[in-house]
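Inspection log for the structure reproduced underneath, given as structure tokens.
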Amino acid sequence: MTIIAAADGSALGNPGPAGWAWYVDDSCWQAGGWPHGTNNQGELMAVLDLFKSTAHLPQEDLRILCDSQYVINCITKWMAGWKRKGWRKADGKPVLNVDLLKEIDQAIAGRKYTFEWVKGHAGHDLNEAADERARAVALAYQQGTAAPVGPGFPGAPQTVPAGGAVPAVAATQAPAARAVAPAVAAPAPMQLHAEPALFGESGLFGQADLFSELDDEIVPSGEIPAEDVVLGLERELLRPDVRADIGRTGVLLHPDFAEIGSSGRYWTRDAMLMALEEDPGEAIDLELLSADRLSENSMLLNYRSRSRAGASLRSSLWLLDRGQWRLRFHQGTPES
């Protein structure tokens, strides 16, 4: 028999009130969360708890549906190398979420499992069910209310998942969630090459589709003019400390983000995020040339950027996506 389950996480603010959930069917699911966490922590915790909740069935194949390719690649591609290096990346810096990853490394030992990437918010029944439950827990922590944590897996030892039935009470965390750190430090910046692209024109990698969609609300615009909101977000993306924060950058980039670099290379969102983890680049100054509201939900910025690498002319198309302005397309050209 193959156990098929979806695992998902949610963070309102990323970091902020966070939830996680795995889902098989309406009679077999579990959820939990914390007052403060990240989307990636939620995604990892959902997978960890799924392995622990099925540990009494080690002979069964486990097929995990996941919309986070960050999580999939952490477990299936990167974790073994990190472990050999003492849980450090190639640059010697500590791996993020290392406590969760160490627990997952222990939980998967001897297990038969496969991961399958599914596109988030695309109508996949199991993924949608897991997402709804993870988000419900995050909202419960935000509002200080109770959220259902699910019946768990039949035959599994009965525990109260992280967050418990009363999210405001941290004491209800189960052993499966002890390693969750409530806050995540951003990776230290490094230098990126070839300034004319938004984040740089790096030859560090060639893989795409390595990170999941991060779609939680981050920047409420309130009464601030949309032009000012978008300009502020563009300036934020030009800061190396923000580019080094994959969680934050992942929220600001639209799921369908694309960029055409100065060399003519076509960058996907996932490819760009992968590059940023290795090399977030230097600070870039912005001189606004125009901010044009193309429609109620779209904004075009044209500006000149300046850095030690020189000056470039840039265009950025921002879209309003479920209340959050997100960068959909960017192109940069060196200024002669």
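In the structure tokens, chains take the letters A, B, ... in the order shown, each chain's residues start at 1, and ligands count up from 1 in the order shown.
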(message) Env of Pro334 of chain A: 8 Å cut, atoms = only C-alpha atoms, seq-sep filter 4 positions within chain, self excluded. Answer as a PyMOL selection string.
(response) chain A and resi 196+262+310-313
*With a distance cut-off of 9 Å and only C-alpha atoms, select the neighbouring residues of Leu48 of chain A, excluding the residue or stretch itself and same-chain residues fewer than 4 positions from it, and output the selection as a ChimeraX atom specification.*
/A:43-44,52-53,100-101,103-104,107-108,176-177
Selection above as a file: N, CA, C and O atoms, as a short mmCIF file (atom, residue, chain, number, x, y, z; two decimals), in the first residue's frame:
data_model
loop_
_atom_site.label_atom_id
_atom_site.label_comp_id
_atom_site.auth_asym_id
_atom_site.auth_seq_id
_atom_site.Cartn_x
_atom_site.Cartn_y
_atom_site.Cartn_z
N GLU A 43 6.53 24.32 6.12
CA GLU A 43 6.61 23.26 5.11
C GLU A 43 7.44 22.09 5.65
O GLU A 43 7.06 20.91 5.48
N LEU A 44 8.58 22.39 6.26
CA LEU A 44 9.43 21.33 6.79
C LEU A 44 8.75 20.58 7.94
O LEU A 44 8.82 19.35 8.03
N LYS A 52 6.73 11.18 11.18
CA LYS A 52 6.58 10.69 12.54
C LYS A 52 5.22 10.04 12.76
O LYS A 52 5.11 9.05 13.49
N SER A 53 4.20 10.60 12.12
CA SER A 53 2.85 10.07 12.29
C SER A 53 2.64 8.75 11.58
O SER A 53 1.68 8.03 11.87
N LEU A 100 15.23 21.32 12.39
CA LEU A 100 14.18 20.58 11.71
C LEU A 100 14.76 19.58 10.72
O LEU A 100 14.30 18.44 10.62
N LEU A 101 15.78 20.00 9.98
CA LEU A 101 16.39 19.11 9.00
C LEU A 101 17.05 17.91 9.67
O LEU A 101 17.00 16.79 9.14
N GLU A 103 16.07 16.50 12.43
CA GLU A 103 14.99 15.59 12.83
C GLU A 103 14.44 14.84 11.63
O GLU A 103 14.11 13.65 11.72
N ILE A 104 14.31 15.52 10.50
CA ILE A 104 13.84 14.85 9.29
C ILE A 104 14.83 13.78 8.87
O ILE A 104 14.45 12.66 8.48
N ALA A 107 14.14 10.87 10.90
CA ALA A 107 12.82 10.29 10.68
C ALA A 107 12.73 9.50 9.38
O ALA A 107 11.94 8.55 9.28
N ILE A 108 13.52 9.88 8.38
CA ILE A 108 13.42 9.20 7.08
C ILE A 108 14.30 7.95 6.99
O ILE A 108 14.21 7.20 6.02
N ALA A 176 7.41 16.16 18.69
CA ALA A 176 7.76 16.26 17.27
C ALA A 176 8.12 17.67 16.86
O ALA A 176 8.70 17.88 15.81
N ALA A 177 7.78 18.65 17.67
CA ALA A 177 7.99 20.04 17.27
C ALA A 177 8.99 20.76 18.15
O ALA A 177 9.16 21.95 18.03
#
Which one is closest to Met1 of chain A: A:Lys93, A:Lys83, A:Lys112, A:Arg243? Count only C-alpha atoms.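 Of the candidates, the smallest distance to Met1 of chain A is held by A:Lys112.
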Atom CA of Asp26 of chain A sits from atom CA of Val47 of chain A at a separation of 18.0 Å
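Nearest residue to Gly232 of chain A, choosing from A:Lys77, A:Arg306, A:Arg88, A:Arg326 and counting only C-alpha atoms: A:Arg326.
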Name the residues in contact with Ala6 of chain A at a cut-off of 12 Å, using only C-alpha atoms, excluding same-chain residues fewer than 5 positions from it; report them as a ChimeraX atom specification. /A:20-25,28-31,43,46-47,49-51,62-68,114-120,124-134
Note to self: Under the rule that only C-alpha atoms are counted, which of A:Leu231, A:Leu300, A:Leu320, A:Leu273 is the nearest residue to Arg248 of chain A?
What the structure shows: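 Closest to Arg248 of chain A, using only C-alpha atoms: A:Leu273.
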